[in-house]
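What follows is the content of target05.cif (mmCIF, C-alpha atoms).
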data_model
loop_
_atom_site.group_PDB
_atom_site.id
_atom_site.type_symbol
_atom_site.label_atom_id
_atom_site.label_comp_id
_atom_site.auth_asym_id
_atom_site.auth_seq_id
_atom_site.Cartn_x
_atom_site.Cartn_y
_atom_site.Cartn_z
ATOM 1 C CA MET T 883 0.000 0.000 0.000
ATOM 2 C CA PRO T 884 1.576 3.286 -1.050
ATOM 3 C CA ASP T 885 2.120 5.446 2.010
ATOM 4 C CA TYR T 886 4.687 8.032 0.937
ATOM 5 C CA LYS T 887 3.477 11.111 -0.906
ATOM 6 C CA ILE T 888 6.062 12.371 -3.376
ATOM 7 C CA THR T 889 6.246 16.162 -3.507
ATOM 8 C CA ASP T 890 8.286 18.792 -5.357
ATOM 9 C CA SER T 891 10.879 18.697 -2.602
ATOM 10 C CA ASP T 892 11.692 15.011 -3.132
ATOM 11 C CA PHE T 893 14.556 13.621 -5.167
ATOM 12 C CA LEU T 894 14.421 10.464 -7.302
ATOM 13 C CA TYR T 895 17.175 8.002 -8.240
ATOM 14 C CA ARG T 896 17.403 6.223 -11.583
ATOM 15 C CA ARG T 897 20.024 3.553 -12.332
ATOM 16 C CA PHE T 898 21.809 3.709 -15.670
ATOM 17 C CA SER T 899 24.230 1.346 -17.318
ATOM 18 C CA ILE T 900 27.931 2.216 -17.429
ATOM 19 C CA LEU T 901 29.085 -1.074 -18.968
ATOM 20 C CA ASP T 902 31.801 -0.583 -21.549
ATOM 21 C CA GLU T 903 33.319 -3.227 -23.827
ATOM 22 C CA PRO T 904 32.210 -5.673 -25.037
ATOM 23 C CA ASN T 905 28.629 -4.489 -24.593
ATOM 24 C CA TYR T 906 28.980 -0.728 -25.011
ATOM 25 C CA ALA T 907 25.882 -0.064 -22.932
ATOM 26 C CA VAL T 908 27.374 3.196 -21.746
ATOM 27 C CA PHE T 909 24.778 5.849 -21.100
ATOM 28 C CA TRP T 910 27.321 8.624 -20.475
ATOM 29 C CA LYS T 911 27.756 11.585 -22.732
ATOM 30 C CA LEU T 912 29.300 15.030 -22.352
ATOM 31 C CA ASP T 913 26.899 17.960 -22.102
ATOM 32 C CA ASN T 914 28.683 21.328 -21.836
ATOM 33 C CA GLY T 915 31.664 19.542 -20.311
ATOM 34 C CA ARG T 916 29.472 17.713 -17.827
ATOM 35 C CA LYS T 917 29.174 13.913 -17.936
ATOM 36 C CA ILE T 918 25.461 13.047 -17.971
ATOM 37 C CA PRO T 919 23.381 10.003 -18.884
ATOM 38 C CA SER T 920 21.616 9.923 -22.237
ATOM 39 C CA SER T 921 17.894 10.590 -22.432
ATOM 40 C CA ALA T 922 17.636 6.927 -23.514
ATOM 41 C CA ALA T 923 17.937 6.006 -19.824
ATOM 42 C CA PHE T 924 14.689 7.875 -19.101
ATOM 43 C CA LYS T 925 12.450 6.458 -21.829
ATOM 44 C CA THR T 926 9.712 3.963 -21.029
ATOM 45 C CA LYS T 927 9.034 0.971 -23.241
ATOM 46 C CA LEU T 928 5.669 0.437 -24.868
ATOM 47 C CA ASN T 929 3.053 -0.805 -22.373
ATOM 48 C CA GLU T 930 5.060 0.058 -19.273
ATOM 49 C CA ASP T 931 3.081 1.781 -16.515
ATOM 50 C CA GLY T 932 5.788 4.332 -15.981
ATOM 51 C CA LEU T 933 9.473 4.889 -15.337
ATOM 52 C CA SER T 934 10.926 3.064 -12.339
ATOM 53 C CA VAL T 935 12.815 5.211 -9.854
ATOM 54 C CA ASN T 936 13.667 5.128 -6.166
ATOM 55 C CA ILE T 937 12.644 7.799 -3.670
ATOM 56 C CA ALA T 938 15.839 9.308 -2.260
ATOM 57 C CA ALA T 939 14.245 9.910 1.139
ATOM 58 C CA LEU T 940 13.625 6.170 1.531
ATOM 59 C CA THR T 941 16.948 4.774 0.312
ATOM 60 C CA THR T 942 20.557 5.625 -0.545
ATOM 61 C CA PRO T 943 22.453 5.758 -3.846
ATOM 62 C CA GLN T 944 24.571 2.820 -2.651
ATOM 63 C CA THR T 945 21.507 0.657 -2.050
ATOM 64 C CA THR T 946 19.889 1.713 -5.321
ATOM 65 C CA VAL T 947 22.904 1.027 -7.498
ATOM 66 C CA GLY T 948 23.084 -2.709 -6.773
ATOM 67 C CA ASN T 949 26.178 -3.498 -8.817
ATOM 68 C CA PRO T 950 28.417 -0.401 -8.971
ATOM 69 C CA GLU T 951 30.590 -1.979 -11.667
ATOM 70 C CA GLU T 952 27.647 -2.036 -14.057
ATOM 71 C CA PHE T 953 25.559 0.947 -13.006
ATOM 72 C CA GLY T 954 25.637 4.565 -11.938
ATOM 73 C CA ILE T 955 22.861 6.632 -10.353
ATOM 74 C CA ALA T 956 21.279 9.800 -11.716
ATOM 75 C CA GLU T 957 19.409 12.019 -9.279
ATOM 76 C CA ILE T 958 16.576 14.240 -10.438
ATOM 77 C CA SER T 959 14.221 16.489 -8.555
ATOM 78 C CA ALA T 960 10.651 15.175 -8.447
ATOM 79 C CA SER T 961 9.600 18.729 -9.232
ATOM 80 C CA THR T 962 10.675 18.189 -12.856
ATOM 81 C CA PRO T 963 8.219 15.423 -13.811
ATOM 82 C CA ILE T 964 5.533 16.824 -11.474
ATOM 83 C CA GLY T 965 5.929 20.251 -13.093
ATOM 84 C CA LEU T 966 5.475 18.639 -16.496
ATOM 85 C CA GLY T 967 2.152 17.136 -15.426
ATOM 86 C CA TYR T 968 3.357 13.630 -14.551
ATOM 87 C CA ASP T 969 2.219 11.878 -11.393
ATOM 88 C CA CYS T 970 4.970 10.389 -9.251
ATOM 89 C CA ILE T 971 3.663 7.638 -7.008
ATOM 90 C CA HIS T 972 5.192 5.435 -4.345
ATOM 91 C CA ASN T 973 5.084 1.859 -5.663
ATOM 92 C CA PRO T 974 6.846 -0.312 -3.071
ATOM 93 C CA GLN T 975 8.048 -3.736 -4.193
ATOM 94 C CA PRO T 976 8.734 -6.771 -1.975
ATOM 95 C CA GLU T 977 12.490 -6.204 -2.219
ATOM 96 C CA ASN T 978 12.472 -2.458 -2.744
ATOM 97 C CA GLU T 979 10.426 -0.329 -0.354
ATOM 98 C CA ALA T 980 11.717 2.871 -2.015
ATOM 99 C CA HIS T 981 10.425 2.032 -5.501
ATOM 100 C CA ALA T 982 8.269 4.628 -7.250
ATOM 101 C CA LEU T 983 6.913 5.342 -10.712
ATOM 102 C CA ILE T 984 6.865 8.422 -12.871
ATOM 103 C CA VAL T 985 3.500 7.433 -14.287
ATOM 104 C CA GLY T 986 2.879 7.211 -18.023
ATOM 105 C CA ASP T 987 4.936 7.349 -21.196
ATOM 106 C CA THR T 988 8.087 9.327 -20.366
ATOM 107 C CA LYS T 989 9.493 9.408 -23.912
ATOM 108 C CA PRO T 990 8.185 12.948 -24.516
ATOM 109 C CA ILE T 991 9.954 14.275 -21.394
ATOM 110 C CA ALA T 992 13.073 12.057 -21.387
ATOM 111 C CA LYS T 993 15.253 14.836 -22.781
ATOM 112 C CA LYS T 994 14.056 17.246 -20.119
ATOM 113 C CA LEU T 995 14.666 14.654 -17.393
ATOM 114 C CA SER T 996 18.225 14.061 -18.636
ATOM 115 C CA LYS T 997 18.872 17.816 -18.672
ATOM 116 C CA ALA T 998 17.409 18.192 -15.179
ATOM 117 C CA ILE T 999 19.799 15.786 -13.483
ATOM 118 C CA THR T 1000 20.921 17.333 -10.212
ATOM 119 C CA GLN T 1001 23.637 14.829 -9.336
ATOM 120 C CA VAL T 1002 25.329 11.713 -10.664
ATOM 121 C CA PHE T 1003 26.731 8.990 -8.415
ATOM 122 C CA ASP T 1004 29.491 6.976 -10.061
ATOM 123 C CA PHE T 1005 30.967 4.532 -7.553
ATOM 124 C CA MET W 15 22.315 -18.595 -36.924
ATOM 125 C CA ASN W 16 22.734 -16.796 -40.200
ATOM 126 C CA GLN W 17 21.477 -13.249 -40.161
ATOM 127 C CA GLU W 18 20.541 -11.758 -43.469
ATOM 128 C CA ILE W 19 21.705 -8.177 -43.610
ATOM 129 C CA SER W 20 18.856 -6.006 -44.685
ATOM 130 C CA GLN W 21 19.018 -2.483 -46.039
ATOM 131 C CA LYS W 22 16.394 -0.158 -44.638
ATOM 132 C CA PHE W 23 17.202 2.941 -46.633
ATOM 133 C CA HIS W 24 17.937 3.419 -50.290
ATOM 134 C CA THR W 25 21.525 4.630 -50.715
ATOM 135 C CA SER W 26 23.428 5.750 -53.769
ATOM 136 C CA ASN W 27 25.464 3.155 -55.711
ATOM 137 C CA ASN W 28 28.899 3.604 -54.192
ATOM 138 C CA GLU W 29 28.033 5.214 -50.905
ATOM 139 C CA LEU W 30 28.953 2.276 -48.705
ATOM 140 C CA ILE W 31 32.283 1.655 -50.445
ATOM 141 C CA LEU W 32 33.168 5.338 -50.536
ATOM 142 C CA SER W 33 32.590 5.688 -46.834
ATOM 143 C CA PHE W 34 35.168 3.037 -46.111
ATOM 144 C CA VAL W 35 37.675 4.434 -48.603
ATOM 145 C CA SER W 36 37.386 8.022 -47.446
ATOM 146 C CA GLY W 37 37.584 6.943 -43.830
ATOM 147 C CA SER W 38 40.534 4.607 -44.159
ATOM 148 C CA THR W 39 43.631 5.136 -42.031
ATOM 149 C CA ALA W 40 45.826 3.145 -44.427
ATOM 150 C CA SER W 41 47.008 6.144 -46.406
ATOM 151 C CA VAL W 42 48.840 7.496 -43.353
ATOM 152 C CA PHE W 43 51.596 5.074 -44.301
ATOM 153 C CA GLU W 44 51.292 5.423 -48.036
ATOM 154 C CA ASP W 45 54.858 6.738 -48.441
ATOM 155 C CA SER W 46 56.591 4.677 -45.774
ATOM 156 C CA GLU W 47 59.836 4.369 -47.787
ATOM 157 C CA ASN W 48 60.373 8.088 -47.653
ATOM 158 C CA ILE W 49 61.920 8.743 -44.241
ATOM 159 C CA THR W 50 61.433 12.474 -44.600
ATOM 160 C CA ASN W 51 57.755 11.961 -45.006
ATOM 161 C CA THR W 52 56.003 14.457 -42.737
ATOM 162 C CA TYR W 53 52.563 13.349 -43.685
ATOM 163 C CA ARG W 54 50.094 13.671 -40.860
ATOM 164 C CA PRO W 55 46.618 12.241 -40.573
ATOM 165 C CA GLN W 56 44.122 14.663 -42.019
ATOM 166 C CA SER W 57 40.542 15.116 -41.046
ATOM 167 C CA SER W 58 39.444 12.289 -43.311
ATOM 168 C CA GLN W 59 41.668 9.845 -41.406
ATOM 169 C CA LEU W 60 40.503 11.042 -37.969
ATOM 170 C CA HIS W 61 37.024 10.946 -39.379
ATOM 171 C CA GLY W 62 37.667 7.290 -40.267
ATOM 172 C CA ILE W 63 38.800 6.441 -36.749
ATOM 173 C CA LYS W 64 35.600 7.995 -35.420
ATOM 174 C CA TYR W 65 33.617 5.966 -37.911
ATOM 175 C CA PHE W 66 35.164 2.688 -36.788
ATOM 176 C CA ASN W 67 34.647 3.567 -33.105
ATOM 177 C CA TYR W 68 30.955 4.201 -33.731
ATOM 178 C CA ALA W 69 30.614 1.026 -35.794
ATOM 179 C CA ASP W 70 32.362 -0.975 -33.059
ATOM 180 C CA THR W 71 29.977 0.454 -30.481
ATOM 181 C CA ILE W 72 26.891 -0.346 -32.556
ATOM 182 C CA TYR W 73 28.013 -3.924 -33.231
ATOM 183 C CA GLY W 74 28.814 -4.257 -29.505
ATOM 184 C CA PHE W 75 25.105 -3.839 -28.757
ATOM 185 C CA ILE W 76 24.628 -7.379 -30.116
ATOM 186 C CA ASN W 77 26.155 -8.618 -26.842
ATOM 187 C CA LEU W 78 23.517 -6.994 -24.634
ATOM 188 C CA LYS W 79 21.316 -9.540 -22.951
ATOM 189 C CA LYS W 80 17.690 -9.136 -21.855
ATOM 190 C CA ASN W 81 17.467 -6.867 -18.782
ATOM 191 C CA TRP W 82 20.848 -5.253 -19.535
ATOM 192 C CA ASP W 83 19.728 -2.039 -17.795
ATOM 193 C CA SER W 84 18.279 -3.892 -14.739
ATOM 194 C CA TYR W 85 14.839 -2.446 -15.648
ATOM 195 C CA ASP W 86 13.836 -5.215 -18.093
ATOM 196 C CA ALA W 87 15.395 -3.703 -21.222
ATOM 197 C CA ASP W 88 15.010 -5.723 -24.410
ATOM 198 C CA VAL W 89 17.739 -7.244 -26.555
ATOM 199 C CA ILE W 90 18.815 -4.826 -29.313
ATOM 200 C CA SER W 91 17.220 -5.921 -32.580
ATOM 201 C CA ILE W 92 19.222 -6.859 -35.660
ATOM 202 C CA ASN W 93 16.985 -4.543 -37.721
ATOM 203 C CA ALA W 94 17.958 -1.606 -35.513
ATOM 204 C CA ILE W 95 21.667 -2.504 -35.790
ATOM 205 C CA ASP W 96 21.448 -2.758 -39.601
ATOM 206 C CA SER W 97 19.678 0.609 -39.822
ATOM 207 C CA ALA W 98 22.156 2.235 -37.421
ATOM 208 C CA ILE W 99 25.087 1.064 -39.558
ATOM 209 C CA GLU W 100 23.384 2.374 -42.716
ATOM 210 C CA ILE W 101 22.864 5.732 -41.031
ATOM 211 C CA LEU W 102 26.451 5.775 -39.766
ATOM 212 C CA ASN W 103 27.748 5.046 -43.289
ATOM 213 C CA HIS W 104 25.648 7.875 -44.639
ATOM 214 C CA LEU W 105 26.810 10.374 -41.994
ATOM 215 C CA ASN W 106 30.409 9.352 -42.653
ATOM 216 C CA HIS W 107 30.011 9.698 -46.398
ATOM 217 C CA LYS W 108 28.487 13.159 -45.982
ATOM 218 C CA GLY W 109 31.273 14.264 -43.627
ATOM 219 C CA GLN W 110 28.815 14.754 -40.804
ATOM 220 C CA LEU W 111 30.869 12.809 -38.268
ATOM 221 C CA ALA W 112 33.678 15.335 -38.628
ATOM 222 C CA ASN W 113 31.928 18.656 -38.164
ATOM 223 C CA ASP W 114 31.213 20.551 -34.953
ATOM 224 C CA ILE W 115 28.239 18.431 -34.002
ATOM 225 C CA ALA W 116 28.942 15.858 -31.272
ATOM 226 C CA VAL W 117 27.427 12.516 -32.208
ATOM 227 C CA ASN W 118 26.675 9.874 -29.579
ATOM 228 C CA VAL W 119 25.027 6.499 -30.009
ATOM 229 C CA PHE W 120 23.193 4.559 -27.298
ATOM 230 C CA PRO W 121 21.154 1.369 -26.985
ATOM 231 C CA MET W 122 17.471 1.874 -26.224
ATOM 232 C CA ARG W 123 15.473 -0.040 -23.649
ATOM 233 C CA ASP W 124 12.911 -1.189 -26.214
ATOM 234 C CA GLY W 125 15.532 -2.878 -28.428
ATOM 235 C CA GLY W 126 16.191 0.146 -30.614
ATOM 236 C CA ILE W 127 19.216 2.413 -30.986
ATOM 237 C CA GLN W 128 19.446 6.161 -30.463
ATOM 238 C CA PHE W 129 21.757 8.682 -32.094
ATOM 239 C CA GLU W 130 22.143 12.020 -30.318
ATOM 240 C CA PHE W 131 23.400 15.155 -32.064
ATOM 241 C CA ASP W 132 24.580 18.040 -29.885
ATOM 242 C CA GLY W 133 26.110 21.286 -31.071
ATOM 243 C CA GLU W 134 26.021 24.997 -30.486
ATOM 244 C CA ASN W 135 22.885 25.320 -32.591
ATOM 245 C CA ILE W 136 21.450 21.856 -32.522
ATOM 246 C CA CYS W 137 20.038 19.348 -30.056
ATOM 247 C CA ALA W 138 18.483 16.375 -31.819
ATOM 248 C CA GLU W 139 17.907 12.644 -31.562
ATOM 249 C CA LEU W 140 17.337 9.915 -34.082
ATOM 250 C CA GLU W 141 15.425 7.014 -32.571
ATOM 251 C CA ILE W 142 15.752 3.779 -34.505
ATOM 252 C CA ASN W 143 12.881 1.510 -33.523
ATOM 253 C CA PRO W 144 13.347 -2.260 -33.163
ATOM 254 C CA ASN W 145 11.759 -2.696 -36.627
ATOM 255 C CA GLY W 146 14.378 -0.361 -38.127
ATOM 256 C CA ASP W 147 12.135 2.665 -38.674
ATOM 257 C CA SER W 148 13.726 5.996 -37.737
ATOM 258 C CA ILE W 149 12.196 9.012 -36.014
ATOM 259 C CA PHE W 150 14.062 12.337 -36.016
ATOM 260 C CA ILE W 151 13.365 14.622 -33.041
ATOM 261 C CA LEU W 152 14.562 18.209 -32.749
ATOM 262 C CA PHE W 153 14.706 19.923 -29.336
ATOM 263 C CA ASP W 154 15.167 23.445 -28.061
ATOM 264 C CA ASP W 155 17.831 24.236 -25.452
ATOM 265 C CA ASP W 156 15.470 23.252 -22.624
ATOM 266 C CA GLY W 157 14.693 19.834 -24.072
ATOM 267 C CA ASN W 158 11.239 20.721 -25.419
ATOM 268 C CA ILE W 159 10.346 18.930 -28.664
ATOM 269 C CA ILE W 160 10.249 21.413 -31.559
ATOM 270 C CA ASP W 161 9.762 18.976 -34.406
ATOM 271 C CA LYS W 162 9.383 15.231 -34.836
ATOM 272 C CA GLY W 163 8.930 13.005 -37.868
ATOM 273 C CA GLN W 164 9.763 9.684 -39.487
ATOM 274 C CA LEU W 165 12.669 9.477 -41.937
ATOM 275 C CA PHE W 166 12.094 7.662 -45.207
ATOM 276 C CA GLU W 167 15.310 8.601 -47.019
ATOM 277 C CA LEU W 168 18.805 8.922 -45.589
ATOM 278 C CA SER W 169 19.262 12.197 -47.432
ATOM 279 C CA GLU W 170 16.524 13.667 -45.233
ATOM 280 C CA LEU W 171 18.772 13.239 -42.200
ATOM 281 C CA SER W 172 21.635 15.235 -43.719
ATOM 282 C CA THR W 173 19.238 17.967 -44.747
ATOM 283 C CA LEU W 174 17.610 18.117 -41.313
ATOM 284 C CA LEU W 175 20.978 18.290 -39.556
ATOM 285 C CA LYS W 176 22.214 21.046 -41.870
ATOM 286 C CA GLU W 177 18.995 23.025 -41.554
ATOM 287 C CA ALA W 178 18.990 22.698 -37.782
ATOM 288 C CA GLU W 179 22.644 23.652 -37.485
ATOM 289 C CA TYR W 180 22.270 26.799 -39.538
ATOM 290 C CA ALA W 181 18.766 27.762 -38.424
#
Take the structure I supplied and represent it as structure tokens, if you would.
Amino acid sequence: MPDYKITDSDFLYRRFSILDEPNYAVFWKLDNGRKIPSSAAFKTKLNEDGLSVNIAALTTPQTTVGNPEEFGIAEISASTPIGLGYDCIHNPQPENEAHALIVGDTKPIAKKLSKAITQVFDF
Amino acid sequence: MNQEISQKFHTSNNELILSFVSGSTASVFEDSENITNTYRPQSSQLHGIKYFNYADTIYGFINLKKNWDSYDADVISINAIDSAIEILNHLNHKGQLANDIAVNVFPMRDGGIQFEFDGENICAELEINPNGDSIFILFDDDGNIIDKGQLFELSELSTLLKEAEYA
């Protein structure tokens, strides 16, 4: 049962792949000299309910990352998707109490989400 | 398993071959017997190195397994890889890997591939869907979508990039 209300003051974590050879699933790119993940990391697939994220207030980057050799963490303010008209809801999972969804198809706002990254955690 | 290489876009007769020739690094050593040779790689050679790096990256996506992003991402489709290589060949042939636009290529969670074009006057993406179809998206500086449409000819991409760059 969702019991955490996500507001503009919350921050959200999204894992992104940093695997290099032989897979080349690297989501990094340089944006004005800053290393940021591609918008591809913020796009939902067809028929997904929304984009999976973790609520920063309920977890840590270290817990969210899982395997730091394969993934990094991008932090965004919940105010970005909320301000764009997207609901952000707590969606706890059996093994992840901090799980939440940015509800709906996030392809149209993926670029804005990637530009709104407030912090990147690369372990 | 044998994979038949398909061609999504119509390209001119020698475009594929020309892209390899113009991008080759072999000519750096074309006068190796002349010890006073001061020949240095020119933009076409550096351009070629870029081309092979991009091609290597795109072919590397074949190795990605289901759930490669930990959020249930799909395997990258062969159609998307074929289309991405066609597009890369075209950009190389048109010299658009060597200009001031930064080009990045990424796998997509739905099994497609995404090119990103970033420059002083351009912010654009080319989404290649798992079936090989391509959608060009142009953004403003804040990431708002200005224009979006499907590409049917490779030449459209060059035109769109030029128009966006000099708009």
Discussion item. Counting all atoms listed in the file, a student should be able to say which residues of chain T come within 9 Å of chain W; what is the right answer, written as a ChimeraX atom specification?
Written reply: /T:897-899,903-913,920,922-923,925-928,934,952-953,990-997
Worksheet item: Residues at most 10 Å from region 172-177 of chain W, counting all atoms listed in the file, excluding those fewer than 4 positions away in the same chain, as a list in words?
Response: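 These residues fall inside the cut-off: Ile101, His104, Leu105, Lys108, Gly109, Gln110, Ile115, Phe131, Ile136, Cys137, Ala138, Phe150, Ile151, Leu152, Leu165, Glu167, Leu168 and Ala181 of chain W.
With distances restricted to all atoms listed in the file, W:Asn135 is the closest residue to Glu179 (chain W) from W:Asn135, W:Asn93, W:Ser148, W:Asn106.
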Discussion item. Give me, as an MDAnalysis selection string, all polymer residues having an atom no more than 6 Å from Tyr895 (chain T), counting all atoms listed in the file and skipping those fewer than 5 positions away in the same chain.
Written reply: chainID T and resid 935:936 956:957
Item to complete: Between CA of Gly954 (chain T) and CA of Phe893 (chain T), measure the distance and give it in Å to one decimal.
Response: 15.8 Å
Run the PyMOL selection byres ((chain W and resi 94) around 8) on the file and write out the hits as a PDB file with C-alpha atoms, in the coordinates of the input.
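Okay, this is what ended up in out.pdb:
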ATOM      1  CA  ILE W  90      18.815  -4.826 -29.313  1.00  0.00           C
ATOM      2  CA  SER W  91      17.220  -5.921 -32.580  1.00  0.00           C
ATOM      3  CA  ILE W  92      19.222  -6.859 -35.660  1.00  0.00           C
ATOM      4  CA  ASN W  93      16.985  -4.543 -37.721  1.00  0.00           C
ATOM      5  CA  ILE W  95      21.667  -2.504 -35.790  1.00  0.00           C
ATOM      6  CA  ASP W  96      21.448  -2.758 -39.601  1.00  0.00           C
ATOM      7  CA  SER W  97      19.678   0.609 -39.822  1.00  0.00           C
ATOM      8  CA  ALA W  98      22.156   2.235 -37.421  1.00  0.00           C
ATOM      9  CA  GLY W 125      15.532  -2.878 -28.428  1.00  0.00           C
ATOM     10  CA  GLY W 126      16.191   0.146 -30.614  1.00  0.00           C
ATOM     11  CA  ILE W 127      19.216   2.413 -30.986  1.00  0.00           C
ATOM     12  CA  ILE W 142      15.752   3.779 -34.505  1.00  0.00           C
ATOM     13  CA  ASN W 143      12.881   1.510 -33.523  1.00  0.00           C
ATOM     14  CA  PRO W 144      13.347  -2.260 -33.163  1.00  0.00           C
ATOM     15  CA  ASN W 145      11.759  -2.696 -36.627  1.00  0.00           C
ATOM     16  CA  GLY W 146      14.378  -0.361 -38.127  1.00  0.00           C
ATOM     17  CA  ASP W 147      12.135   2.665 -38.674  1.00  0.00           C
TER      18      ASP W 147
END
Worksheet item: If you apply the PyMOL selection byres ((chain T and resi 971-975) around 8) to this file, what residues do you get, as a VMD selection string?
Response: chain T and resid 883 to 888 937 969 to 970 976 to 985
Mind dumping the selected residues with C-alpha atoms as a short mmCIF file (atom, residue, chain, number, x, y, z; two decimals), in the coordinates of the input?
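Output saved as part_23.cif:
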data_model
loop_
_atom_site.label_atom_id
_atom_site.label_comp_id
_atom_site.auth_asym_id
_atom_site.auth_seq_id
_atom_site.Cartn_x
_atom_site.Cartn_y
_atom_site.Cartn_z
CA MET T 883 0.00 0.00 0.00
CA PRO T 884 1.58 3.29 -1.05
CA ASP T 885 2.12 5.45 2.01
CA TYR T 886 4.69 8.03 0.94
CA LYS T 887 3.48 11.11 -0.91
CA ILE T 888 6.06 12.37 -3.38
CA ILE T 937 12.64 7.80 -3.67
CA ASP T 969 2.22 11.88 -11.39
CA CYS T 970 4.97 10.39 -9.25
CA PRO T 976 8.73 -6.77 -1.98
CA GLU T 977 12.49 -6.20 -2.22
CA ASN T 978 12.47 -2.46 -2.74
CA GLU T 979 10.43 -0.33 -0.35
CA ALA T 980 11.72 2.87 -2.02
CA HIS T 981 10.42 2.03 -5.50
CA ALA T 982 8.27 4.63 -7.25
CA LEU T 983 6.91 5.34 -10.71
CA ILE T 984 6.86 8.42 -12.87
CA VAL T 985 3.50 7.43 -14.29
#
Carefully work through the PyMOL selection byres ((chain T and resi 944) around 10) for this structure and note down the residues it includes, as a compact mmCIF listing (two decimals) with C-alpha atoms, in the coordinates of the input.
# COMPACT_ATOMS: atom_id res chain seq x y z
CA THR T 941 16.95 4.77 0.31
CA THR T 942 20.56 5.62 -0.55
CA PRO T 943 22.45 5.76 -3.85
CA THR T 945 21.51 0.66 -2.05
CA THR T 946 19.89 1.71 -5.32
CA VAL T 947 22.90 1.03 -7.50
CA GLY T 948 23.08 -2.71 -6.77
CA ASN T 949 26.18 -3.50 -8.82
CA PRO T 950 28.42 -0.40 -8.97
CA GLY T 954 25.64 4.57 -11.94
CA ILE T 955 22.86 6.63 -10.35
CA PHE T 1003 26.73 8.99 -8.41
CA ASP T 1004 29.49 6.98 -10.06
CA PHE T 1005 30.97 4.53 -7.55
Could you put an axis-aligned box around every listed atom of region 78-94 of chain W, padded by 8 Å on each side, and send me its centre and edge lengths in Å to one decimal, as AutoDock Vina command-line options?
--center_x 18.7 --center_y -5.6 --center_z -26.2 --size_x 25.7 --size_y 23.9 --size_z 39.0
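Atom to atom, CA of Ser921 (chain T) and CA of Arg896 (chain T) stand 11.7 Å apart.
Distance-wise, CA of Asn113 (chain W) and CA of Asp902 (chain T) end up 25.4 Å apart.
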Residue list as an mmCIF file with C-alpha atoms, keeping the file's coordinate frame for point (11.0, 17.7, -12.2), cut-off 10 Å, all atoms listed in the file:
data_model
loop_
_atom_site.group_PDB
_atom_site.id
_atom_site.type_symbol
_atom_site.label_atom_id
_atom_site.label_comp_id
_atom_site.auth_asym_id
_atom_site.auth_seq_id
_atom_site.Cartn_x
_atom_site.Cartn_y
_atom_site.Cartn_z
ATOM 1 C CA ASP T 890 8.286 18.792 -5.357
ATOM 2 C CA SER T 891 10.879 18.697 -2.602
ATOM 3 C CA ASP T 892 11.692 15.011 -3.132
ATOM 4 C CA PHE T 893 14.556 13.621 -5.167
ATOM 5 C CA LEU T 894 14.421 10.464 -7.302
ATOM 6 C CA ILE T 958 16.576 14.240 -10.438
ATOM 7 C CA SER T 959 14.221 16.489 -8.555
ATOM 8 C CA ALA T 960 10.651 15.175 -8.447
ATOM 9 C CA SER T 961 9.600 18.729 -9.232
ATOM 10 C CA THR T 962 10.675 18.189 -12.856
ATOM 11 C CA PRO T 963 8.219 15.423 -13.811
ATOM 12 C CA ILE T 964 5.533 16.824 -11.474
ATOM 13 C CA GLY T 965 5.929 20.251 -13.093
ATOM 14 C CA LEU T 966 5.475 18.639 -16.496
ATOM 15 C CA GLY T 967 2.152 17.136 -15.426
ATOM 16 C CA TYR T 968 3.357 13.630 -14.551
ATOM 17 C CA CYS T 970 4.970 10.389 -9.251
ATOM 18 C CA ILE T 991 9.954 14.275 -21.394
ATOM 19 C CA LYS T 994 14.056 17.246 -20.119
ATOM 20 C CA LEU T 995 14.666 14.654 -17.393
ATOM 21 C CA ALA T 998 17.409 18.192 -15.179
ATOM 22 C CA ILE T 999 19.799 15.786 -13.483
#
